[in-house]
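Structure data (PDB, C-alpha atoms) from final_26.pdb:
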```
ATOM      1  CA  MET A   1     -11.399   1.120 -19.810
ATOM      2  CA  GLU A   2      -9.566   3.199 -17.220
ATOM      3  CA  MET A   3      -8.201   2.086 -13.869
ATOM      4  CA  TYR A   4      -8.202   4.585 -11.007
ATOM      5  CA  PHE A   5      -5.955   4.706  -7.962
ATOM      6  CA  CYS A   6      -5.894   7.106  -5.031
ATOM      7  CA  PRO A   7      -3.778   6.968  -1.867
ATOM      8  CA  LEU A   8      -6.394   8.323   0.525
ATOM      9  CA  TYR A   9      -3.790   8.132   3.285
ATOM     10  CA  SER A  10      -0.320   6.596   3.289
ATOM     11  CA  GLY A  11       1.976   6.921   6.268
ATOM     12  CA  SER A  12       2.980   5.545   9.621
ATOM     13  CA  SER A  13      -0.160   7.117  11.147
ATOM     14  CA  GLY A  14      -2.620   5.334   8.858
ATOM     15  CA  ASN A  15      -3.085   3.786   5.434
ATOM     16  CA  ALA A  16      -6.039   3.482   3.063
ATOM     17  CA  LEU A  17      -5.784   3.128  -0.718
ATOM     18  CA  PHE A  18      -8.614   3.256  -3.255
ATOM     19  CA  VAL A  19      -8.697   1.324  -6.541
ATOM     20  CA  GLN A  20     -11.414   1.178  -9.194
ATOM     21  CA  TYR A  21     -11.807  -0.622 -12.480
ATOM     22  CA  GLY A  22     -15.157  -0.902 -14.197
ATOM     23  CA  SER A  23     -17.886  -1.124 -11.584
ATOM     24  CA  THR A  24     -15.573  -2.628  -8.931
ATOM     25  CA  ARG A  25     -14.308  -0.355  -6.169
ATOM     26  CA  LEU A  26     -11.887  -1.606  -3.530
ATOM     27  CA  LEU A  27     -10.006  -0.333  -0.519
ATOM     28  CA  ILE A  28      -6.603  -1.676   0.390
ATOM     29  CA  ASP A  29      -6.505  -1.290   4.177
ATOM     30  CA  ALA A  30      -8.507   1.027   6.388
ATOM     31  CA  GLY A  31      -5.945   2.274   8.864
ATOM     32  CA  LYS A  32      -7.660   5.480   9.946
ATOM     33  CA  PRO A  33     -10.856   5.771  12.012
ATOM     34  CA  GLY A  34     -13.902   4.744  10.023
ATOM     35  CA  LYS A  35     -15.251   8.277   9.820
ATOM     36  CA  ALA A  36     -11.964   9.602   8.423
ATOM     37  CA  VAL A  37     -11.886   6.949   5.694
ATOM     38  CA  GLU A  38     -15.540   7.609   4.923
ATOM     39  CA  GLU A  39     -14.901  11.343   4.501
ATOM     40  CA  ALA A  40     -11.806  10.703   2.377
ATOM     41  CA  LEU A  41     -13.829   8.530   0.010
ATOM     42  CA  LYS A  42     -16.539  11.159  -0.254
ATOM     43  CA  ALA A  43     -13.859  13.762  -1.039
ATOM     44  CA  ILE A  44     -13.060  11.881  -4.264
ATOM     45  CA  GLY A  45     -16.725  11.296  -5.064
ATOM     46  CA  VAL A  46     -16.987   7.698  -3.874
ATOM     47  CA  PRO A  47     -19.907   6.751  -1.591
ATOM     48  CA  PRO A  48     -18.538   4.245   0.960
ATOM     49  CA  GLU A  49     -21.524   1.969   0.408
ATOM     50  CA  SER A  50     -20.479   1.586  -3.241
ATOM     51  CA  LEU A  51     -17.295  -0.287  -2.275
ATOM     52  CA  SER A  52     -17.033  -3.915  -3.348
ATOM     53  CA  GLY A  53     -14.763  -4.838  -0.447
ATOM     54  CA  VAL A  54     -11.678  -4.116   1.657
ATOM     55  CA  LEU A  55      -8.376  -5.941   1.176
ATOM     56  CA  ILE A  56      -6.247  -6.109   4.344
ATOM     57  CA  THR A  57      -2.452  -6.333   4.184
ATOM     58  CA  HIS A  58      -1.802  -7.157   7.861
ATOM     59  CA  GLU A  59      -3.078  -6.621  11.371
ATOM     60  CA  HIS A  60      -1.108  -3.575  12.559
ATOM     61  CA  SER A  61      -3.355  -0.726  13.684
ATOM     62  CA  ASP A  62      -2.241   1.718  10.985
ATOM     63  CA  HIS A  63      -3.780  -0.680   8.456
ATOM     64  CA  ILE A  64      -6.965  -1.871  10.208
ATOM     65  CA  ALA A  65      -8.131   0.898  12.602
ATOM     66  CA  GLY A  66     -11.338   1.583  10.683
ATOM     67  CA  ALA A  67     -11.868  -1.796   9.022
ATOM     68  CA  GLY A  68     -14.401  -3.220  11.458
ATOM     69  CA  VAL A  69     -16.426  -0.021  11.674
ATOM     70  CA  LEU A  70     -16.642   0.329   7.884
ATOM     71  CA  ALA A  71     -17.507  -3.338   7.417
ATOM     72  CA  ARG A  72     -20.379  -3.145   9.885
ATOM     73  CA  ARG A  73     -21.654   0.284   8.843
ATOM     74  CA  PHE A  74     -21.716  -0.417   5.112
ATOM     75  CA  ARG A  75     -21.875  -4.238   5.098
ATOM     76  CA  LEU A  76     -18.558  -4.475   3.296
ATOM     77  CA  PRO A  77     -16.733  -7.767   2.737
ATOM     78  CA  LEU A  78     -13.267  -7.943   4.341
ATOM     79  CA  TYR A  79     -10.513 -10.021   2.723
ATOM     80  CA  ALA A  80      -7.430 -11.211   4.622
ATOM     81  CA  THR A  81      -5.299 -14.307   5.077
ATOM     82  CA  ALA A  82      -6.378 -16.793   7.744
ATOM     83  CA  GLU A  83      -3.478 -15.864  10.026
ATOM     84  CA  THR A  84      -4.211 -12.160   9.639
ATOM     85  CA  TRP A  85      -7.844 -12.791  10.554
ATOM     86  CA  LYS A  86      -6.725 -14.552  13.739
ATOM     87  CA  ALA A  87      -4.417 -11.661  14.612
ATOM     88  CA  MET A  88      -6.880  -8.857  13.917
ATOM     89  CA  GLU A  89     -10.350 -10.123  14.796
ATOM     90  CA  GLU A  90     -10.262  -8.971  18.426
ATOM     91  CA  LYS A  91      -8.910  -5.569  17.339
ATOM     92  CA  ILE A  92     -11.597  -4.815  14.761
ATOM     93  CA  GLY A  93     -14.589  -6.296  16.585
ATOM     94  CA  LYS A  94     -17.255  -8.652  15.353
ATOM     95  CA  VAL A  95     -17.723  -8.982  11.605
ATOM     96  CA  PRO A  96     -20.670 -11.049  10.302
ATOM     97  CA  PRO A  97     -19.538 -14.431   8.928
ATOM     98  CA  GLU A  98     -20.855 -13.681   5.445
ATOM     99  CA  GLN A  99     -18.512 -10.644   5.269
ATOM    100  CA  ARG A 100     -15.377 -12.573   6.292
ATOM    101  CA  HIS A 101     -13.287 -13.874   3.415
ATOM    102  CA  GLU A 102      -9.964 -15.706   3.587
ATOM    103  CA  PHE A 103      -7.263 -16.285   0.999
ATOM    104  CA  TYR A 104      -3.605 -17.259   1.095
ATOM    105  CA  ALA A 105      -0.564 -15.467  -0.281
ATOM    106  CA  GLY A 106      -0.006 -16.554  -3.853
ATOM    107  CA  GLN A 107      -3.701 -17.291  -4.446
ATOM    108  CA  GLU A 108      -5.017 -15.149  -7.293
ATOM    109  CA  PHE A 109      -8.727 -14.369  -7.343
ATOM    110  CA  TRP A 110     -11.249 -11.983  -8.833
ATOM    111  CA  LEU A 111     -13.374  -9.368  -7.122
ATOM    112  CA  GLY A 112     -15.802  -8.207  -9.768
ATOM    113  CA  ASP A 113     -13.808  -6.639 -12.590
ATOM    114  CA  ILE A 114     -10.499  -6.590 -10.691
ATOM    115  CA  GLY A 115      -7.980  -9.412 -10.542
ATOM    116  CA  VAL A 116      -6.224  -9.678  -7.167
ATOM    117  CA  SER A 117      -2.772 -11.195  -6.736
ATOM    118  CA  PRO A 118      -1.603 -11.170  -3.075
ATOM    119  CA  PHE A 119       2.051 -11.881  -2.300
ATOM    120  CA  SER A 120       4.032 -12.334   0.905
ATOM    121  CA  ILE A 121       6.082  -9.412   2.211
ATOM    122  CA  PRO A 122       8.939  -9.386   4.778
ATOM    123  CA  HIS A 123       7.363  -7.670   7.794
ATOM    124  CA  ASP A 124       6.890  -8.507  11.469
ATOM    125  CA  ALA A 125       3.221  -9.471  11.302
ATOM    126  CA  ALA A 126       1.320 -12.766  11.292
ATOM    127  CA  ASP A 127       1.053 -13.254   7.527
ATOM    128  CA  PRO A 128       1.516  -9.881   5.785
ATOM    129  CA  VAL A 129       0.873  -9.406   2.070
ATOM    130  CA  GLY A 130       1.161  -6.814  -0.660
ATOM    131  CA  TYR A 131      -1.166  -6.703  -3.645
ATOM    132  CA  ARG A 132      -0.988  -6.518  -7.399
ATOM    133  CA  LEU A 133      -4.350  -5.586  -8.875
ATOM    134  CA  TRP A 134      -5.299  -6.057 -12.523
ATOM    135  CA  GLY A 135      -7.849  -4.133 -14.554
ATOM    136  CA  GLY A 136      -7.805  -5.227 -18.179
ATOM    137  CA  SER A 137      -4.223  -4.769 -19.395
ATOM    138  CA  VAL A 138      -3.310  -2.347 -16.571
ATOM    139  CA  SER A 139      -1.870  -3.365 -13.203
ATOM    140  CA  ILE A 140      -1.198  -1.492  -9.973
ATOM    141  CA  SER A 141       0.944  -2.832  -7.107
ATOM    142  CA  THR A 142       1.268  -1.793  -3.487
ATOM    143  CA  ALA A 143       4.386  -2.785  -1.564
ATOM    144  CA  THR A 144       4.829  -1.149   1.838
ATOM    145  CA  ASP A 145       5.922  -2.429   5.265
ATOM    146  CA  LEU A 146       8.957  -4.110   3.753
ATOM    147  CA  GLY A 147      11.947  -4.932   5.902
ATOM    148  CA  HIS A 148      13.823  -5.380   2.648
ATOM    149  CA  PHE A 149      13.039  -5.442  -1.057
ATOM    150  CA  SER A 150      13.188  -9.183  -1.672
ATOM    151  CA  GLN A 151      13.485 -10.964  -4.986
ATOM    152  CA  ASP A 152      10.041 -12.455  -4.381
ATOM    153  CA  VAL A 153       8.441  -9.022  -3.961
ATOM    154  CA  PHE A 154      10.181  -7.808  -7.110
ATOM    155  CA  ASP A 155       9.027 -10.841  -9.090
ATOM    156  CA  HIS A 156       5.419 -10.152  -8.113
ATOM    157  CA  ILE A 157       5.349  -6.433  -8.918
ATOM    158  CA  ARG A 158       7.772  -6.154 -11.840
ATOM    159  CA  GLY A 159       6.207  -4.611 -14.918
ATOM    160  CA  SER A 160       3.361  -2.969 -12.990
ATOM    161  CA  ASP A 161       2.166   0.270 -14.574
ATOM    162  CA  LEU A 162       2.053   2.004 -11.185
ATOM    163  CA  VAL A 163       3.671   0.999  -7.894
ATOM    164  CA  LEU A 164       3.123   2.468  -4.449
ATOM    165  CA  LEU A 165       6.458   1.660  -2.793
ATOM    166  CA  GLU A 166       7.529   2.245   0.787
ATOM    167  CA  SER A 167      10.070   4.973   1.505
ATOM    168  CA  ASN A 168       9.593   4.951   5.250
ATOM    169  CA  HIS A 169      12.577   6.565   6.911
ATOM    170  CA  ASP A 170      15.949   8.229   6.779
ATOM    171  CA  PRO A 171      18.254   5.988   8.852
ATOM    172  CA  ALA A 172      20.211   8.912  10.333
ATOM    173  CA  MET A 173      17.017  10.660  11.460
ATOM    174  CA  LEU A 174      15.730   7.411  12.937
ATOM    175  CA  ARG A 175      18.923   6.665  14.865
ATOM    176  CA  ALA A 176      18.988  10.214  16.268
ATOM    177  CA  ASN A 177      15.299  10.213  17.279
ATOM    178  CA  PRO A 178      15.180  10.638  21.092
ATOM    179  CA  HIS A 179      11.572   9.438  21.298
ATOM    180  CA  TYR A 180      12.234   5.965  19.912
ATOM    181  CA  SER A 181      13.617   3.184  22.095
ATOM    182  CA  PRO A 182      16.631   1.152  20.932
ATOM    183  CA  ALA A 183      14.325  -1.833  20.486
ATOM    184  CA  LEU A 184      11.939   0.107  18.242
ATOM    185  CA  LYS A 185      14.797   1.489  16.166
ATOM    186  CA  SER A 186      16.192  -2.016  15.762
ATOM    187  CA  ARG A 187      12.780  -3.309  14.694
ATOM    188  CA  ILE A 188      12.314  -0.624  12.036
ATOM    189  CA  LEU A 189      15.845  -1.094  10.695
ATOM    190  CA  GLY A 190      15.572  -4.880  10.649
ATOM    191  CA  ASP A 191      14.890  -7.251   7.770
ATOM    192  CA  ARG A 192      11.207  -7.431   8.780
ATOM    193  CA  GLY A 193      10.763  -3.749   9.563
ATOM    194  CA  HIS A 194      10.455  -0.876   7.103
ATOM    195  CA  LEU A 195      12.180   0.205   3.903
ATOM    196  CA  SER A 196      14.539   3.184   4.136
ATOM    197  CA  ASN A 197      14.775   5.945   1.543
ATOM    198  CA  GLU A 198      18.019   4.487   0.218
ATOM    199  CA  ALA A 199      16.656   0.956  -0.036
ATOM    200  CA  CYS A 200      13.557   2.297  -1.772
ATOM    201  CA  ALA A 201      15.715   4.180  -4.271
ATOM    202  CA  ALA A 202      17.679   1.036  -5.091
ATOM    203  CA  ALA A 203      14.414  -0.867  -5.610
ATOM    204  CA  LEU A 204      13.214   1.850  -7.975
ATOM    205  CA  LEU A 205      16.055   1.081 -10.354
ATOM    206  CA  HIS A 206      14.940  -2.540 -10.663
ATOM    207  CA  LEU A 207      11.364  -1.422 -11.278
ATOM    208  CA  ALA A 208      12.438   1.140 -13.871
ATOM    209  CA  TYR A 209      14.445  -1.437 -15.799
ATOM    210  CA  ALA A 210      11.459  -3.811 -15.625
ATOM    211  CA  GLY A 211       9.148  -1.259 -17.261
ATOM    212  CA  THR A 212       7.375   0.564 -14.449
ATOM    213  CA  ARG A 213       6.866   4.203 -15.374
ATOM    214  CA  HIS A 214       4.947   5.578 -12.399
ATOM    215  CA  VAL A 215       6.019   5.226  -8.747
ATOM    216  CA  ILE A 216       4.445   6.779  -5.683
ATOM    217  CA  LEU A 217       6.585   6.841  -2.542
ATOM    218  CA  GLY A 218       4.421   5.902   0.423
ATOM    219  CA  HIS A 219       4.215   4.943   4.084
ATOM    220  CA  LEU A 220       6.554   7.781   5.132
ATOM    221  CA  SER A 221       7.338   8.116   8.829
ATOM    222  CA  GLY A 222       6.061  11.265  10.450
ATOM    223  CA  GLU A 223       9.123  11.606  12.696
ATOM    224  CA  ASN A 224      11.929  10.021  10.722
ATOM    225  CA  ASN A 225      11.458  11.316   7.189
ATOM    226  CA  LEU A 226      10.449  14.278   5.066
ATOM    227  CA  PRO A 227       8.568  14.091   1.738
ATOM    228  CA  ALA A 228      11.155  16.264  -0.022
ATOM    229  CA  LEU A 229      13.998  14.129   1.344
ATOM    230  CA  ALA A 230      12.382  10.851   0.287
ATOM    231  CA  ARG A 231      11.845  12.145  -3.225
ATOM    232  CA  ARG A 232      15.330  13.648  -3.452
ATOM    233  CA  VAL A 233      17.007  10.356  -2.542
ATOM    234  CA  SER A 234      14.993   8.368  -5.104
ATOM    235  CA  ALA A 235      15.282  11.004  -7.824
ATOM    236  CA  GLY A 236      19.019  11.259  -7.266
ATOM    237  CA  MET A 237      19.473   7.507  -7.651
ATOM    238  CA  LEU A 238      17.489   7.501 -10.897
ATOM    239  CA  GLU A 239      19.392  10.476 -12.303
ATOM    240  CA  ARG A 240      22.762   8.892 -11.558
ATOM    241  CA  GLU A 241      21.686   5.924 -13.654
ATOM    242  CA  GLY A 242      20.519   8.124 -16.539
ATOM    243  CA  ILE A 243      16.789   7.736 -15.771
ATOM    244  CA  ARG A 244      15.047  11.103 -15.896
ATOM    245  CA  PRO A 245      12.384  11.677 -13.215
ATOM    246  CA  GLY A 246       9.341  13.265 -14.817
ATOM    247  CA  GLU A 247      10.178  11.859 -18.246
ATOM    248  CA  ASP A 248      11.391   8.255 -18.020
ATOM    249  CA  MET A 249       9.669   7.664 -14.687
ATOM    250  CA  PHE A 250       7.025   9.757 -12.939
ATOM    251  CA  LEU A 251       7.907   9.991  -9.257
ATOM    252  CA  GLN A 252       5.533  11.361  -6.628
ATOM    253  CA  VAL A 253       5.039  11.183  -2.862
ATOM    254  CA  ALA A 254       1.806  10.100  -1.170
ATOM    255  CA  LEU A 255       0.436  12.352   1.555
ATOM    256  CA  ARG A 256       0.335  11.050   5.104
ATOM    257  CA  ASP A 257      -2.728  12.869   6.446
ATOM    258  CA  GLU A 258      -4.468  14.308   3.407
ATOM    259  CA  VAL A 259      -6.386  12.748   0.549
ATOM    260  CA  GLY A 260      -4.010  12.276  -2.345
ATOM    261  CA  GLN A 261      -4.309  12.636  -6.086
ATOM    262  CA  VAL A 262      -6.536  10.349  -8.160
ATOM    263  CA  TYR A 263      -4.411   8.645 -10.805
ATOM    264  CA  THR A 264      -5.939   7.444 -14.066
ATOM    265  CA  LEU A 265      -4.253   4.627 -15.958
ATOM    266  CA  LYS A 266      -5.199   3.350 -19.367
ATOM    267  CA  LYS A 267      -3.509   1.406 -22.133
ATOM    268  CA  PRO A 268      -4.567   1.437 -25.790
TER     269      PRO A 268
END
```
Mind converting the file's structure to structure tokens?
Amino acid sequence: MEMYFCPLYSGSSGNALFVQYGSTRLLIDAGKPGKAVEEALKAIGVPPESLSGVLITHEHSDHIAGAGVLARRFRLPLYATAETWKAMEEKIGKVPPEQRHEFYAGQEFWLGDIGVSPFSIPHDAADPVGYRLWGGSVSISTATDLGHFSQDVFDHIRGSDLVLLESNHDPAMLRANPHYSPALKSRILGDRGHLSNEACAAALLHLAYAGTRHVILGHLSGENNLPALARRVSAGMLEREGIRPGEDMFLQVALRDEVGQVYTLKKP
């Protein structure tokens, strides 16, 4: 059976990722207005009411902006850690008790046909998590909003068939940005902020050696990065280590404000 993945949106202005295996359809985050996420789903042929649930990574607005609206409109279950629920419930509005589900990082569970393995990530939120999702023998991991690529994150996603990995910013562009305050720059550059292009590229090497063959660079900053730059930094790192982008590892960039490609993964 095939597993499908589509970054509906991935960027500092909003995030929503679609995953399907068998009859189970999930969203990871809903960080655009509900209507925008609804239209993005329809663009790939997925009726929003057919979703099995929404997995939340953390409470920042670019990950939850449409979560409450979608939950109420389509009676969708929302899944988040207890601390994330506390941090986001006023932001997303009232969600019926039967649609509220809690878990803790490290607790594996099943949603229909999909196995869900949430893991802690280093980010400045209440209790942020990334996800590794299993469909049969195929697994997909999402790891964005990382202040640094920790050993724990690597241990959880190593060997994934596809990884959406943060390549948020170019440090020089960020430092020179006149619109960002020193405090904001320090936050982004910190150990609980966001992963730079260079740090992402270094992480890619570990993933390549651990068997991952498909990486999508995601959560790019709109002001402090460029898609071509993010890809060039990662591709250059791989090439210097003798790993050929497009042959040994497929390397692509998720779109910030447009519905991305639908990826199909299947093992014999």
For this session: Evaluate the PyMOL selection byres ((chain A and resi 234) around 10) on the structure here and hand back the selected residues as JSON, numbers by chain.
Result: {"A": [167, 197, 198, 199, 200, 201, 202, 203, 204, 205, 217, 229, 230, 231, 232, 233, 235, 236, 237, 238, 239, 245, 251]}
For this session: Could you list the residues chosen by the PyMOL selection byres ((chain A and resi 193) around 12) in this structure as an MDAnalysis selection string?
Result: chainID A and resid 121:125 128 144:149 166:169 183:192 194:196
Exercise. Could you write out as JSON, numbers by chain the residues that the PyMOL selection byres ((chain A and resi 157-161) around 8) matches in the shown file?
Worked result: {"A": [132, 138, 139, 140, 141, 153, 154, 155, 156, 162, 163, 207, 210, 211, 212, 213, 214, 265]}
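Computed from the coordinates, the atom CA of A:Ala126 to atom CA of A:Thr81 distance equals 9.2 Å.
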Exercise: A:Pro47 partners within 10 Å, only C-alpha atoms, chain neighbours under 6 positions left out, as a PDB file with C-alpha atoms, keeping the file's coordinate frame:
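What ended up in selection07.pdb:
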```
ATOM      1  CA  GLU A  38     -15.540   7.609   4.923  1.00  0.00           C
ATOM      2  CA  GLU A  39     -14.901  11.343   4.501  1.00  0.00           C
ATOM      3  CA  ALA A  40     -11.806  10.703   2.377  1.00  0.00           C
ATOM      4  CA  LEU A  41     -13.829   8.530   0.010  1.00  0.00           C
ATOM      5  CA  PHE A  74     -21.716  -0.417   5.112  1.00  0.00           C
TER       6      PHE A  74
END
```
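Take the candidates A:Leu27, A:Val215, A:Met173, A:Ala65 and check each one against A:Ala143 using all atoms listed in the file; the shortest distance goes to A:Val215.
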For this session: Considering only C-alpha atoms, return as a list in words whatever protein or nucleic-acid residues lie within 6 Å of A:Glu102, sequence-local ones (same chain, fewer than 2 positions apart) excluded.
Result: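 Residues meeting the cut-off are Tyr79, Ala80, Thr81 and Ala82 of chain A.
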For this session: Rank nothing, just name the residue among A:Leu51, A:Leu133, A:Ala30, A:Ile44 nearest to A:Cys6, using only C-alpha atoms.
Result: A:Ile44
Exercise. What separation in Å, quoted to one decimal, exists between atom CA of A:Gly11 and atom CA of A:Ala172?
Worked result: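 Rounded to one decimal, the two atoms are 18.8 Å apart.
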For this session: Find the spatial neighbours of A:Lys267, counting only C-alpha atoms, within a cut-off of 12 Å - ignore same-chain residues fewer than 3 positions away - and output them as a list in words.
Result: Met1, Glu2, Met3, Gly135, Gly136, Ser137, Val138, Ser139, Asp161 and Thr264 of chain A
For this session: In Å, rounded to a single decimal, give me how far atom CA of A:Thr142 is from atom CA of A:Ala208.
Result: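 So the answer is 15.5 Å.
The closest residue to A:Lys86, picked from A:His58, A:Lys32, A:His63, A:Arg72 and counting only C-alpha atoms, is A:His58.
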Problem set entry | Of the listed residues A:Tyr4, A:Phe250, A:Tyr263, A:Phe103, that which approaches A:Ser23 most closely, counting all atoms listed in the file | A:Tyr4
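Minimum distance to A:Gly22 across A:Ile216, A:Ile114, A:Val259, A:Leu164 (counting all atoms listed in the file) occurs at A:Ile114.
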Problem set entry | A:Val54, A:Val46, A:Leu255, A:Val19 ranked by distance to A:Leu76, top pick (using all atoms listed in the file) |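 When distances to A:Leu76 are compared using all atoms listed in the file, the smallest one comes from A:Val54.
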For this session: May I have the residues within 7 Å of A:Ser120 as number ranges by chain, using all atoms listed in the file and disregarding those fewer than 3 positions away in the same chain?
Result: A: 105, 128-130
For this session: Please identify all polymer residues lying at most 12 Å from the point (-19.4, -0.7, 7.3) (file coordinates), using only C-alpha atoms, and present the result as a PyMOL selection string.
Result: chain A and resi 30+33-35+37-38+47-54+66-78+92-96+99
